[in-house]
>>> print(open('start_3.cif').read())   # mmCIF, C-alpha atoms
data_my_file
loop_
_atom_site.label_atom_id
_atom_site.label_comp_id
_atom_site.auth_asym_id
_atom_site.auth_seq_id
_atom_site.Cartn_x
_atom_site.Cartn_y
_atom_site.Cartn_z
CA MET A 28 34.95 -0.33 -0.89
CA ALA A 29 33.32 -2.99 -3.03
CA GLU A 30 30.55 -4.66 -1.08
CA LEU A 31 29.78 -7.60 -3.35
CA THR A 32 32.37 -10.05 -4.53
CA GLY A 33 29.97 -11.36 -7.12
CA PRO A 34 26.35 -11.01 -8.16
CA PRO A 35 23.85 -12.53 -5.72
CA GLY A 36 21.94 -15.76 -6.45
CA ALA A 37 18.70 -14.55 -4.94
CA ARG A 38 17.13 -11.35 -3.66
CA THR A 39 14.38 -11.34 -1.06
CA VAL A 40 12.29 -8.49 0.29
CA LEU A 41 10.56 -9.08 3.61
CA GLN A 42 7.53 -7.30 5.01
CA GLN A 43 5.52 -7.79 8.17
CA CYS A 44 1.75 -8.00 7.93
CA LEU A 45 -1.34 -8.31 10.09
CA GLN A 46 -3.17 -9.89 7.18
CA ALA A 47 -2.45 -10.47 3.49
CA ARG A 48 -4.49 -11.86 0.61
CA LEU A 49 -2.92 -13.03 -2.65
CA GLN A 50 -4.59 -14.13 -5.86
CA VAL A 51 -3.32 -17.52 -6.97
CA LYS A 52 -5.65 -18.00 -9.93
CA PRO A 53 -7.06 -15.15 -11.98
CA PRO A 54 -10.78 -15.09 -12.80
CA ASP A 55 -11.65 -17.05 -15.90
CA GLN A 56 -14.73 -17.59 -18.04
CA GLY A 57 -17.12 -19.26 -15.63
CA SER A 58 -14.73 -19.39 -12.67
CA GLN A 59 -13.95 -16.83 -10.01
CA ALA A 60 -10.47 -15.81 -8.96
CA GLN A 61 -8.86 -17.94 -6.27
CA TRP A 62 -7.11 -16.36 -3.31
CA VAL A 63 -4.96 -17.48 -0.41
CA GLU A 64 -4.78 -15.59 2.85
CA ILE A 65 -2.53 -15.32 5.87
CA GLN A 66 -2.96 -13.59 9.21
CA ARG A 67 -0.17 -11.99 11.25
CA GLY A 68 3.22 -12.93 9.87
CA LEU A 69 5.85 -12.50 7.22
CA ILE A 70 5.62 -11.78 3.50
CA ILE A 71 8.64 -13.01 1.53
CA TYR A 72 9.06 -11.64 -2.02
CA VAL A 73 11.64 -13.75 -3.81
CA CYS A 74 13.61 -13.49 -7.06
CA PHE A 75 16.38 -15.75 -8.36
CA PHE A 76 19.28 -14.58 -10.50
CA LYS A 77 21.07 -16.34 -13.33
CA GLY A 78 23.54 -18.89 -12.02
CA ALA A 79 21.61 -19.69 -8.83
CA THR A 80 21.41 -23.40 -7.97
CA GLU A 81 19.48 -25.42 -5.43
CA GLU A 82 22.49 -25.22 -3.14
CA ILE A 83 21.42 -21.79 -1.90
CA ILE A 84 17.91 -22.93 -0.89
CA PRO A 85 18.72 -24.44 2.55
CA LYS A 86 20.63 -21.32 3.60
CA MET A 87 17.83 -19.04 2.37
CA VAL A 88 15.20 -21.03 4.24
CA HIS A 89 17.25 -21.24 7.42
CA THR A 90 18.08 -17.52 7.37
CA LEU A 91 14.61 -16.23 6.55
CA LEU A 92 12.82 -18.43 9.08
CA ASN A 93 15.28 -17.60 11.85
CA VAL A 94 16.10 -13.94 11.39
CA LYS A 95 14.61 -11.86 14.21
CA LEU A 96 12.43 -9.44 12.27
CA ASN A 97 9.00 -10.23 13.62
CA GLU A 98 7.52 -8.06 16.35
CA THR A 99 5.76 -9.69 19.27
CA GLU A 100 2.76 -8.06 20.97
CA GLY A 101 5.27 -6.87 23.57
CA GLY A 102 7.47 -5.11 20.99
CA LYS A 103 10.29 -7.64 21.01
CA TYR A 104 11.71 -8.95 17.72
CA VAL A 105 11.83 -12.71 17.20
CA SER A 106 11.99 -15.10 14.27
CA ILE A 107 8.82 -16.02 12.39
CA LEU A 108 9.20 -19.55 13.82
CA ASN A 109 9.26 -18.15 17.35
CA LEU A 110 6.49 -15.60 16.88
CA PRO A 111 4.98 -17.93 15.63
CA GLY A 112 3.37 -16.40 12.57
CA ASP A 113 2.07 -17.17 9.11
CA ILE A 114 4.19 -16.94 5.97
CA LEU A 115 3.24 -15.74 2.49
CA ILE A 116 5.78 -16.39 -0.26
CA ILE A 117 5.44 -14.29 -3.42
CA PRO A 118 7.50 -14.90 -6.57
CA GLN A 119 8.64 -11.47 -7.71
CA ALA A 120 10.90 -11.56 -10.74
CA THR A 121 10.73 -7.77 -11.02
CA LEU A 122 13.06 -7.59 -8.00
CA GLY A 123 15.85 -8.63 -10.37
CA GLY A 124 15.40 -5.54 -12.53
CA LYS A 125 18.26 -3.17 -13.26
CA LEU A 126 17.79 0.40 -14.32
CA LYS A 127 18.86 1.16 -17.89
CA GLY A 128 17.94 4.65 -18.99
CA ARG A 129 14.25 5.05 -18.15
CA SER A 130 13.46 1.32 -18.28
CA MET A 131 14.13 -1.71 -16.14
CA GLN A 132 15.95 -4.66 -17.70
CA TYR A 133 15.82 -8.20 -16.40
CA HIS A 134 18.87 -9.73 -18.07
CA SER A 135 20.25 -11.01 -14.75
CA ASN A 136 17.08 -12.95 -13.94
CA ILE A 137 17.24 -16.73 -13.96
CA GLU A 138 15.78 -18.76 -16.85
CA LYS A 139 12.07 -19.33 -16.24
CA ASP A 140 12.11 -23.12 -15.89
CA ILE A 141 15.05 -23.15 -13.48
CA GLY A 142 13.46 -20.30 -11.54
CA LEU A 143 10.24 -22.28 -11.19
CA ASP A 144 12.20 -25.28 -9.95
CA LEU A 145 14.10 -23.22 -7.34
CA TYR A 146 10.92 -21.45 -6.27
CA THR A 147 9.14 -24.78 -5.83
CA GLN A 148 11.99 -26.15 -3.74
CA PHE A 149 12.15 -22.98 -1.66
CA VAL A 150 8.43 -23.21 -0.84
CA ALA A 151 8.66 -26.95 -0.08
CA GLN A 152 11.63 -26.54 2.27
CA CYS A 153 9.93 -23.68 4.10
CA GLU A 154 6.84 -25.88 4.48
CA ARG A 155 8.94 -28.72 5.88
CA GLU A 156 10.66 -26.47 8.43
CA LEU A 157 7.32 -25.10 9.54
CA ALA A 158 5.79 -28.58 9.85
CA ALA A 159 8.77 -29.78 11.88
CA ASN A 160 8.54 -26.89 14.35
CA THR A 161 6.45 -27.82 17.40
CA LYS A 162 5.59 -24.23 18.30
CA CYS A 163 4.34 -23.51 14.76
CA PHE A 164 2.49 -26.79 14.53
CA GLU A 165 0.70 -26.22 17.84
CA ALA A 166 -0.18 -22.63 16.93
CA GLY A 167 -1.57 -23.80 13.59
CA VAL A 168 0.38 -21.28 11.54
CA VAL A 169 0.04 -21.57 7.78
CA LEU A 170 2.28 -21.05 4.80
CA ARG A 171 0.71 -19.83 1.58
CA HIS A 172 2.39 -18.94 -1.69
CA GLY A 173 1.80 -17.37 -5.04
CA THR A 174 1.79 -19.11 -8.41
CA TYR A 175 5.08 -18.68 -10.24
CA GLY A 176 4.67 -16.63 -13.40
CA ASN A 177 1.26 -15.21 -12.44
CA ARG A 178 0.39 -11.63 -11.73
CA GLN A 179 0.60 -11.36 -7.92
CA VAL A 180 -2.59 -9.47 -7.10
CA LEU A 181 -2.05 -8.62 -3.43
CA LYS A 182 -3.80 -6.85 -0.58
CA VAL A 183 -1.82 -6.16 2.58
CA ASP A 184 -2.71 -4.79 6.00
CA THR A 185 0.25 -3.93 8.22
CA ASN A 186 1.12 -2.44 11.56
CA GLY A 187 4.30 -1.17 9.85
CA PRO A 188 5.79 -3.19 6.97
CA PHE A 189 9.28 -2.96 8.48
CA THR A 190 10.70 -3.69 5.01
CA HIS A 191 14.05 -5.51 4.77
CA MET A 192 16.10 -6.78 1.88
CA ILE A 193 18.34 -9.84 2.17
CA GLU A 194 20.42 -11.23 -0.69
CA PHE A 195 21.91 -14.70 -0.94
CA MET B 5 32.61 -9.45 -10.99
CA ALA B 6 32.15 -6.72 -8.41
CA GLU B 7 28.90 -4.90 -9.09
CA LEU B 8 29.26 -1.96 -6.76
CA THR B 9 32.25 0.35 -6.69
CA GLY B 10 31.14 1.74 -3.36
CA PRO B 11 28.25 1.54 -0.94
CA PRO B 12 25.05 3.21 -2.17
CA GLY B 13 23.80 6.53 -0.78
CA ALA B 14 20.16 5.53 -0.83
CA ARG B 15 18.04 2.45 -1.35
CA THR B 16 14.47 2.61 -2.65
CA VAL B 17 11.87 -0.08 -3.04
CA LEU B 18 8.99 0.65 -5.41
CA GLN B 19 5.56 -0.94 -5.46
CA GLN B 20 2.49 -0.28 -7.56
CA CYS B 21 -0.85 0.16 -5.85
CA LEU B 22 -4.51 0.66 -6.60
CA GLN B 23 -4.95 2.31 -3.23
CA ALA B 24 -2.80 2.81 -0.14
CA ARG B 25 -3.44 4.28 3.29
CA LEU B 26 -0.63 5.31 5.64
CA GLN B 27 -0.83 6.47 9.24
CA VAL B 28 0.99 9.77 9.71
CA LYS B 29 0.05 10.35 13.36
CA PRO B 30 -0.61 7.57 15.83
CA PRO B 31 -3.68 7.72 18.03
CA ASP B 32 -3.14 9.68 21.20
CA GLN B 33 -5.10 10.40 24.36
CA GLY B 34 -8.14 12.25 23.10
CA SER B 35 -7.11 12.25 19.42
CA GLN B 36 -7.61 9.68 16.71
CA ALA B 37 -4.88 8.45 14.41
CA GLN B 38 -4.35 10.53 11.27
CA TRP B 39 -4.00 8.88 7.87
CA VAL B 40 -3.11 9.91 4.34
CA GLU B 41 -4.37 8.04 1.30
CA ILE B 42 -3.52 7.69 -2.36
CA GLN B 43 -5.33 6.03 -5.22
CA ARG B 44 -3.69 4.28 -8.19
CA GLY B 45 0.00 4.99 -8.26
CA LEU B 46 3.46 4.39 -6.88
CA ILE B 47 4.67 3.64 -3.36
CA ILE B 48 8.30 4.66 -2.77
CA TYR B 49 10.00 3.23 0.33
CA VAL B 50 13.21 5.17 0.92
CA CYS B 51 16.29 4.74 3.12
CA PHE B 52 19.47 6.82 3.20
CA PHE B 53 22.90 5.46 4.02
CA LYS B 54 25.76 7.08 5.89
CA GLY B 55 27.65 9.50 3.67
CA ALA B 56 24.67 10.45 1.50
CA THR B 57 24.37 14.15 0.75
CA GLU B 58 21.72 16.33 -0.84
CA GLU B 59 23.56 15.98 -4.14
CA ILE B 60 21.86 12.64 -4.81
CA ILE B 61 18.33 13.98 -4.35
CA PRO B 62 17.80 15.49 -7.85
CA LYS B 63 18.95 12.27 -9.53
CA MET B 64 16.73 10.15 -7.27
CA VAL B 65 13.70 12.31 -7.95
CA HIS B 66 14.34 12.44 -11.70
CA THR B 67 14.89 8.68 -11.94
CA LEU B 68 11.95 7.59 -9.78
CA LEU B 69 9.44 9.93 -11.41
CA ASN B 70 10.56 8.98 -14.92
CA VAL B 71 11.28 5.26 -14.79
CA LYS B 72 8.66 3.33 -16.78
CA LEU B 73 7.28 1.01 -14.10
CA ASN B 74 3.65 2.02 -14.00
CA GLU B 75 1.09 -0.02 -15.87
CA THR B 76 -1.59 1.76 -17.87
CA GLU B 77 -5.10 0.33 -18.24
CA GLY B 78 -3.90 -0.99 -21.60
CA GLY B 79 -0.97 -2.89 -20.07
CA LYS B 80 1.77 -0.54 -21.24
CA TYR B 81 4.44 0.65 -18.80
CA VAL B 82 4.97 4.37 -18.42
CA SER B 83 6.41 6.72 -15.82
CA ILE B 84 4.32 7.81 -12.85
CA LEU B 85 4.32 11.33 -14.36
CA ASN B 86 2.89 9.96 -17.60
CA LEU B 87 0.37 7.58 -16.04
CA PRO B 88 -0.37 9.97 -14.34
CA GLY B 89 -0.70 8.50 -10.86
CA ASP B 90 -0.49 9.30 -7.18
CA ILE B 91 2.70 8.90 -5.13
CA LEU B 92 3.13 7.73 -1.55
CA ILE B 93 6.60 8.19 -0.04
CA ILE B 94 7.40 6.08 3.02
CA PRO B 95 10.58 6.53 5.10
CA GLN B 96 11.86 3.02 5.72
CA ALA B 97 15.14 2.93 7.61
CA THR B 98 14.89 -0.86 7.97
CA LEU B 99 15.81 -1.12 4.28
CA GLY B 100 19.37 -0.28 5.34
CA GLY B 101 19.63 -3.37 7.53
CA LYS B 102 22.40 -5.91 7.11
CA LEU B 103 22.16 -9.46 8.31
CA LYS B 104 24.53 -10.31 11.18
CA GLY B 105 23.91 -13.76 12.59
CA ARG B 106 20.17 -13.92 13.29
CA SER B 107 19.73 -10.16 13.66
CA MET B 108 19.68 -7.15 11.39
CA GLN B 109 22.12 -4.35 12.07
CA TYR B 110 21.71 -0.78 10.89
CA HIS B 111 25.24 0.56 11.21
CA SER B 112 25.27 1.79 7.59
CA ASN B 113 22.17 3.92 8.08
CA ILE B 114 22.52 7.66 7.99
CA GLU B 115 22.45 9.73 11.18
CA LYS B 116 18.85 10.52 12.08
CA ASP B 117 18.98 14.32 11.72
CA ILE B 118 20.72 14.22 8.33
CA GLY B 119 18.31 11.48 7.23
CA LEU B 120 15.34 13.65 8.16
CA ASP B 121 16.83 16.55 6.21
CA LEU B 122 17.41 14.42 3.07
CA TYR B 123 13.97 12.85 3.38
CA THR B 124 12.36 16.29 3.65
CA GLN B 125 14.24 17.51 0.58
CA PHE B 126 13.35 14.36 -1.35
CA VAL B 127 9.64 14.82 -0.63
CA ALA B 128 9.77 18.55 -1.46
CA GLN B 129 11.54 18.00 -4.80
CA CYS B 130 9.07 15.26 -5.78
CA GLU B 131 6.23 17.65 -4.93
CA ARG B 132 7.77 20.38 -7.06
CA GLU B 133 8.21 18.07 -10.06
CA LEU B 134 4.61 16.91 -9.75
CA ALA B 135 3.31 20.47 -9.46
CA ALA B 136 5.30 21.54 -12.53
CA ASN B 137 3.94 18.69 -14.66
CA THR B 138 0.88 19.78 -16.65
CA LYS B 139 -0.50 16.26 -17.07
CA CYS B 140 -0.28 15.57 -13.34
CA PHE B 141 -1.69 18.96 -12.44
CA GLU B 142 -4.67 18.53 -14.76
CA ALA B 143 -5.32 14.98 -13.53
CA GLY B 144 -5.20 16.20 -9.93
CA VAL B 145 -2.76 13.53 -8.79
CA VAL B 146 -1.57 13.79 -5.21
CA LEU B 147 1.65 13.11 -3.36
CA ARG B 148 1.41 11.94 0.23
CA HIS B 149 4.21 10.92 2.57
CA GLY B 150 4.91 9.34 5.91
CA THR B 151 6.33 11.04 8.99
CA TYR B 152 10.06 10.39 9.36
CA GLY B 153 10.80 8.33 12.46
CA ASN B 154 7.21 7.13 12.94
CA ARG B 155 5.92 3.59 12.69
CA GLN B 156 4.58 3.37 9.10
CA VAL B 157 1.23 1.69 9.63
CA LEU B 158 0.21 0.86 6.07
CA LYS B 159 -2.64 -0.77 4.16
CA VAL B 160 -2.13 -1.53 0.50
CA ASP B 161 -4.36 -2.82 -2.27
CA THR B 162 -2.59 -3.82 -5.48
CA ASN B 163 -3.19 -5.31 -8.87
CA GLY B 164 0.31 -6.81 -8.55
CA PRO B 165 2.94 -4.90 -6.51
CA PHE B 166 5.54 -5.32 -9.28
CA THR B 167 8.25 -4.72 -6.66
CA HIS B 168 11.51 -3.10 -7.80
CA MET B 169 14.62 -2.00 -5.98
CA ILE B 170 16.74 0.92 -7.17
CA GLU B 171 19.85 2.15 -5.40
CA PHE B 172 21.53 5.52 -5.81
#
>>> encode(input="start_3.cif", output="structure tokens")
Amino acid sequence: MAELTGPPGARTVLQQCLQARLQVKPPDQGSQAQWVEIQRGLIIYVCFFKGATEEIIPKMVHTLLNVKLNETEGGKYVSILNLPGDILIIPQATLGGKLKGRSMQYHSNIEKDIGLDLYTQFVAQCERELAANTKCFEAGVVLRHGTYGNRQVLKVDTNGPFTHMIEF
Amino acid sequence: MAELTGPPGARTVLQQCLQARLQVKPPDQGSQAQWVEIQRGLIIYVCFFKGATEEIIPKMVHTLLNVKLNETEGGKYVSILNLPGDILIIPQATLGGKLKGRSMQYHSNIEKDIGLDLYTQFVAQCERELAANTKCFEAGVVLRHGTYGNRQVLKVDTNGPFTHMIEF
């Protein structure tokens, strides 16, 4: 039974965290590295494939912010908007890799400039949804994100990553 | 273009780490939690699907230990056996989840007892390969793994997780 009718436009991997720290600017001559940090919430690793357009962004945002993957203190699973919890978005082009012999190839990955554009829109739409959500606003949850094209130096503390993959 | 001719038998997600700590026994009345730890190396999250048999284990082990995903100090990518680096295997049934509405369903996941058996074999074959590799043996690299069915409380420190997904 074939499960895919065509290649996906985007692949996301989701992990729960208690805290996560991501480098958004590497150290430079005379300047220290810059980091962003979230507390309890959701890490979204995202990769776009060739052929993806901005049309998939609203569905991605809606799905990822509303899927019930986030554990409450009481052990129930609710959406990140309902937790409410922080969000860390990490561009992760390596997720598009395909095994060829002993190496990974990235031929299906989107062109860099289009990927940057889609990534930027994805982050902006997530930010808008979060800002429009009363529960999130009142709880002061934050959204942080990595710099597209950078090395994503990351430190994560979890109570179980509860790793999921969702394609769009 | 259909990409899969049939559903996969196993899904793995791979991340690089500088250090990782995983709880293998939760705290109990009168006993503290037990943890395992690895230094620089590879984290393998693994999930088996319904229908998987032990026949896929040798290919999984061979592929994962030989795929060139691991960055040397010099920025080259080599296999975990050639790095050489530590390995942390984490059972992660959630990777088999499929989105249905706002929830994830796990109907494609393997039955628990068969999953435990395949997981145990996977860990044992990885251990054997590591033990048989002179470079790994001389470098004293270690393999650690999570307890099947437990919550995988995890702390990770990376220089870039470089996340990949490989299905078998």
>>> resolve_selection(input="start_3.cif", expression="the PyMOL selection byres ((chain A and resi 138) around 12)", output="list in words")
Cys74, Phe75, Phe76, Lys77, Gly78, Ala79, Thr80, Ala120, Tyr133, His134, Ser135, Asn136, Ile137, Lys139, Asp140, Ile141, Gly142, Leu143, Asp144, Leu145, Tyr146 and Gly176 of chain A
>>> resolve_selection(input="start_3.cif", expression="the PyMOL selection byres ((chain A) within 8 of (chain B))", output="ChimeraX atom specification")
/A:28-34,90,93-96,119,121-126,128-131,178-193
>>> calpha_fit_and_write(input="start_3.cif", fixed="chain A", moving="chain B", output="short mmCIF file (atom, residue, chain, number, x, y, z; two decimals) with C-alpha atoms, in the frame of the given file")
data_model
loop_
_atom_site.label_atom_id
_atom_site.label_comp_id
_atom_site.auth_asym_id
_atom_site.auth_seq_id
_atom_site.Cartn_x
_atom_site.Cartn_y
_atom_site.Cartn_z
CA MET B 5 35.00 -0.44 -0.77
CA ALA B 6 33.39 -3.11 -2.92
CA GLU B 7 30.58 -4.74 -0.98
CA LEU B 8 29.81 -7.67 -3.23
CA THR B 9 32.39 -10.15 -4.45
CA GLY B 10 29.97 -11.43 -7.05
CA PRO B 11 26.37 -11.03 -8.12
CA PRO B 12 23.83 -12.53 -5.70
CA GLY B 13 21.94 -15.75 -6.44
CA ALA B 14 18.68 -14.54 -4.96
CA ARG B 15 17.13 -11.35 -3.68
CA THR B 16 14.37 -11.31 -1.07
CA VAL B 17 12.30 -8.48 0.29
CA LEU B 18 10.56 -9.07 3.61
CA GLN B 19 7.53 -7.28 5.00
CA GLN B 20 5.51 -7.78 8.16
CA CYS B 21 1.75 -8.01 7.92
CA LEU B 22 -1.34 -8.30 10.07
CA GLN B 23 -3.17 -9.88 7.17
CA ALA B 24 -2.46 -10.47 3.49
CA ARG B 25 -4.49 -11.86 0.61
CA LEU B 26 -2.91 -13.03 -2.65
CA GLN B 27 -4.59 -14.13 -5.86
CA VAL B 28 -3.31 -17.53 -6.97
CA LYS B 29 -5.65 -18.01 -9.94
CA PRO B 30 -7.07 -15.17 -11.98
CA PRO B 31 -10.77 -15.11 -12.78
CA ASP B 32 -11.65 -17.06 -15.87
CA GLN B 33 -14.74 -17.63 -17.99
CA GLY B 34 -17.13 -19.31 -15.60
CA SER B 35 -14.73 -19.41 -12.63
CA GLN B 36 -13.96 -16.85 -9.98
CA ALA B 37 -10.47 -15.81 -8.97
CA GLN B 38 -8.86 -17.95 -6.27
CA TRP B 39 -7.10 -16.37 -3.31
CA VAL B 40 -4.94 -17.49 -0.41
CA GLU B 41 -4.78 -15.58 2.86
CA ILE B 42 -2.52 -15.33 5.87
CA GLN B 43 -2.95 -13.60 9.19
CA ARG B 44 -0.16 -11.98 11.25
CA GLY B 45 3.20 -12.91 9.85
CA LEU B 46 5.86 -12.49 7.21
CA ILE B 47 5.61 -11.78 3.49
CA ILE B 48 8.64 -13.00 1.52
CA TYR B 49 9.05 -11.64 -2.02
CA VAL B 50 11.64 -13.75 -3.81
CA CYS B 51 13.62 -13.48 -7.06
CA PHE B 52 16.38 -15.74 -8.37
CA PHE B 53 19.27 -14.58 -10.50
CA LYS B 54 21.05 -16.34 -13.33
CA GLY B 55 23.52 -18.89 -12.02
CA ALA B 56 21.60 -19.69 -8.83
CA THR B 57 21.41 -23.37 -7.98
CA GLU B 58 19.49 -25.41 -5.44
CA GLU B 59 22.50 -25.21 -3.14
CA ILE B 60 21.41 -21.79 -1.90
CA ILE B 61 17.91 -22.91 -0.90
CA PRO B 62 18.73 -24.43 2.54
CA LYS B 63 20.64 -21.30 3.59
CA MET B 64 17.83 -19.03 2.37
CA VAL B 65 15.20 -21.01 4.22
CA HIS B 66 17.27 -21.22 7.41
CA THR B 67 18.09 -17.51 7.37
CA LEU B 68 14.60 -16.22 6.54
CA LEU B 69 12.81 -18.43 9.06
CA ASN B 70 15.29 -17.59 11.82
CA VAL B 71 16.11 -13.91 11.37
CA LYS B 72 14.61 -11.86 14.21
CA LEU B 73 12.42 -9.43 12.27
CA ASN B 74 9.00 -10.22 13.64
CA GLU B 75 7.52 -8.06 16.34
CA THR B 76 5.75 -9.70 19.26
CA GLU B 77 2.77 -8.07 20.98
CA GLY B 78 5.28 -6.86 23.57
CA GLY B 79 7.46 -5.12 20.98
CA LYS B 80 10.30 -7.64 20.99
CA TYR B 81 11.71 -8.96 17.71
CA VAL B 82 11.82 -12.70 17.20
CA SER B 83 11.97 -15.10 14.27
CA ILE B 84 8.82 -16.03 12.39
CA LEU B 85 9.21 -19.56 13.82
CA ASN B 86 9.27 -18.15 17.34
CA LEU B 87 6.48 -15.60 16.88
CA PRO B 88 4.99 -17.93 15.64
CA GLY B 89 3.39 -16.40 12.56
CA ASP B 90 2.07 -17.17 9.11
CA ILE B 91 4.20 -16.93 5.96
CA LEU B 92 3.24 -15.75 2.49
CA ILE B 93 5.80 -16.39 -0.27
CA ILE B 94 5.44 -14.30 -3.42
CA PRO B 95 7.50 -14.91 -6.59
CA GLN B 96 8.63 -11.47 -7.71
CA ALA B 97 10.89 -11.55 -10.75
CA THR B 98 10.74 -7.75 -11.03
CA LEU B 99 13.06 -7.59 -8.01
CA GLY B 100 15.85 -8.62 -10.38
CA GLY B 101 15.40 -5.53 -12.54
CA LYS B 102 18.25 -3.16 -13.28
CA LEU B 103 17.76 0.41 -14.33
CA LYS B 104 18.84 1.15 -17.92
CA GLY B 105 17.92 4.65 -19.01
CA ARG B 106 14.22 5.04 -18.17
CA SER B 107 13.45 1.31 -18.29
CA MET B 108 14.13 -1.71 -16.15
CA GLN B 109 15.93 -4.64 -17.70
CA TYR B 110 15.82 -8.20 -16.41
CA HIS B 111 18.85 -9.74 -18.09
CA SER B 112 20.24 -11.01 -14.77
CA ASN B 113 17.08 -12.95 -13.96
CA ILE B 114 17.22 -16.70 -13.97
CA GLU B 115 15.77 -18.73 -16.84
CA LYS B 116 12.07 -19.30 -16.23
CA ASP B 117 12.11 -23.10 -15.90
CA ILE B 118 15.05 -23.14 -13.48
CA GLY B 119 13.44 -20.28 -11.55
CA LEU B 120 10.22 -22.26 -11.20
CA ASP B 121 12.19 -25.26 -9.96
CA LEU B 122 14.10 -23.21 -7.34
CA TYR B 123 10.91 -21.44 -6.28
CA THR B 124 9.13 -24.77 -5.84
CA GLN B 125 12.00 -26.14 -3.75
CA PHE B 126 12.14 -22.96 -1.67
CA VAL B 127 8.43 -23.20 -0.85
CA ALA B 128 8.66 -26.94 -0.09
CA GLN B 129 11.64 -26.53 2.26
CA CYS B 130 9.92 -23.66 4.11
CA GLU B 131 6.85 -25.87 4.48
CA ARG B 132 8.94 -28.71 5.86
CA GLU B 133 10.67 -26.47 8.41
CA LEU B 134 7.32 -25.09 9.54
CA ALA B 135 5.81 -28.57 9.84
CA ALA B 136 8.78 -29.79 11.88
CA ASN B 137 8.55 -26.89 14.34
CA THR B 138 6.48 -27.82 17.39
CA LYS B 139 5.58 -24.23 18.28
CA CYS B 140 4.34 -23.51 14.76
CA PHE B 141 2.50 -26.80 14.54
CA GLU B 142 0.71 -26.22 17.85
CA ALA B 143 -0.16 -22.63 16.93
CA GLY B 144 -1.55 -23.81 13.59
CA VAL B 145 0.39 -21.28 11.55
CA VAL B 146 0.04 -21.56 7.79
CA LEU B 147 2.29 -21.05 4.81
CA ARG B 148 0.72 -19.83 1.59
CA HIS B 149 2.41 -18.95 -1.68
CA GLY B 150 1.82 -17.37 -5.04
CA THR B 151 1.80 -19.12 -8.41
CA TYR B 152 5.10 -18.68 -10.24
CA GLY B 153 4.67 -16.63 -13.41
CA ASN B 154 1.26 -15.22 -12.44
CA ARG B 155 0.39 -11.61 -11.74
CA GLN B 156 0.60 -11.36 -7.92
CA VAL B 157 -2.58 -9.48 -7.09
CA LEU B 158 -2.06 -8.63 -3.43
CA LYS B 159 -3.81 -6.86 -0.57
CA VAL B 160 -1.85 -6.17 2.58
CA ASP B 161 -2.71 -4.79 5.99
CA THR B 162 0.24 -3.93 8.22
CA ASN B 163 1.12 -2.45 11.55
CA GLY B 164 4.29 -1.15 9.85
CA PRO B 165 5.78 -3.19 6.96
CA PHE B 166 9.28 -2.95 8.46
CA THR B 167 10.69 -3.68 4.99
CA HIS B 168 14.03 -5.50 4.76
CA MET B 169 16.10 -6.76 1.87
CA ILE B 170 18.34 -9.81 2.16
CA GLU B 171 20.41 -11.20 -0.69
CA PHE B 172 21.92 -14.67 -0.94
#
>>> resolve_selection(input="start_3.cif", expression="the PyMOL selection byres ((chain A and resi 162) around 12)", output="tab-separated table (two decimals) with C-alpha atoms, in the coordinates of the input")
chain	number	residue	atom	x	y	z
A	106	SER	CA	11.99	-15.10	14.27
A	107	ILE	CA	8.82	-16.02	12.39
A	108	LEU	CA	9.20	-19.55	13.82
A	109	ASN	CA	9.26	-18.15	17.35
A	110	LEU	CA	6.49	-15.60	16.88
A	111	PRO	CA	4.98	-17.93	15.63
A	112	GLY	CA	3.37	-16.40	12.57
A	156	GLU	CA	10.66	-26.47	8.43
A	157	LEU	CA	7.32	-25.10	9.54
A	158	ALA	CA	5.79	-28.58	9.85
A	159	ALA	CA	8.77	-29.78	11.88
A	160	ASN	CA	8.54	-26.89	14.35
A	161	THR	CA	6.45	-27.82	17.40
A	163	CYS	CA	4.34	-23.51	14.76
A	164	PHE	CA	2.49	-26.79	14.53
A	165	GLU	CA	0.70	-26.22	17.84
A	166	ALA	CA	-0.18	-22.63	16.93
A	167	GLY	CA	-1.57	-23.80	13.59
A	168	VAL	CA	0.38	-21.28	11.54
>>> closest_residue(input="start_3.cif", among="B:Ile48, B:Ala37, B:Val146, B:Ile94", to="Val65 (chain B)", atoms="all atoms listed in the file")
B:Ile48
>>> axis_aligned_box(input="start_3.cif", around="region 38-49 of chain B", padding_each_side="8 Å", output="lines of an AutoDock Vina configuration file")
center_x = 2.3
center_y = 6.9
center_z = 1.5
size_x = 31.3
size_y = 23.3
size_z = 35.5
>>> residues_around(input="start_3.cif", residues="Ile116 (chain A)", least_positions_apart="5", cutoff="9 Å", atoms="only C-alpha atoms", output="count of residues only")
10
>>> atom_distance(input="start_3.cif", atom1="CA of Glu41 (chain B)", atom2="CA of Thr76 (chain B)")
20.4 Å
>>> atom_distance(input="start_3.cif", atom1="CA of Trp62 (chain A)", atom2="CA of Met87 (chain A)")
25.7 Å
>>> atom_distance(input="start_3.cif", atom1="CA of Ala14 (chain B)", atom2="CA of Glu58 (chain B)")
10.9 Å
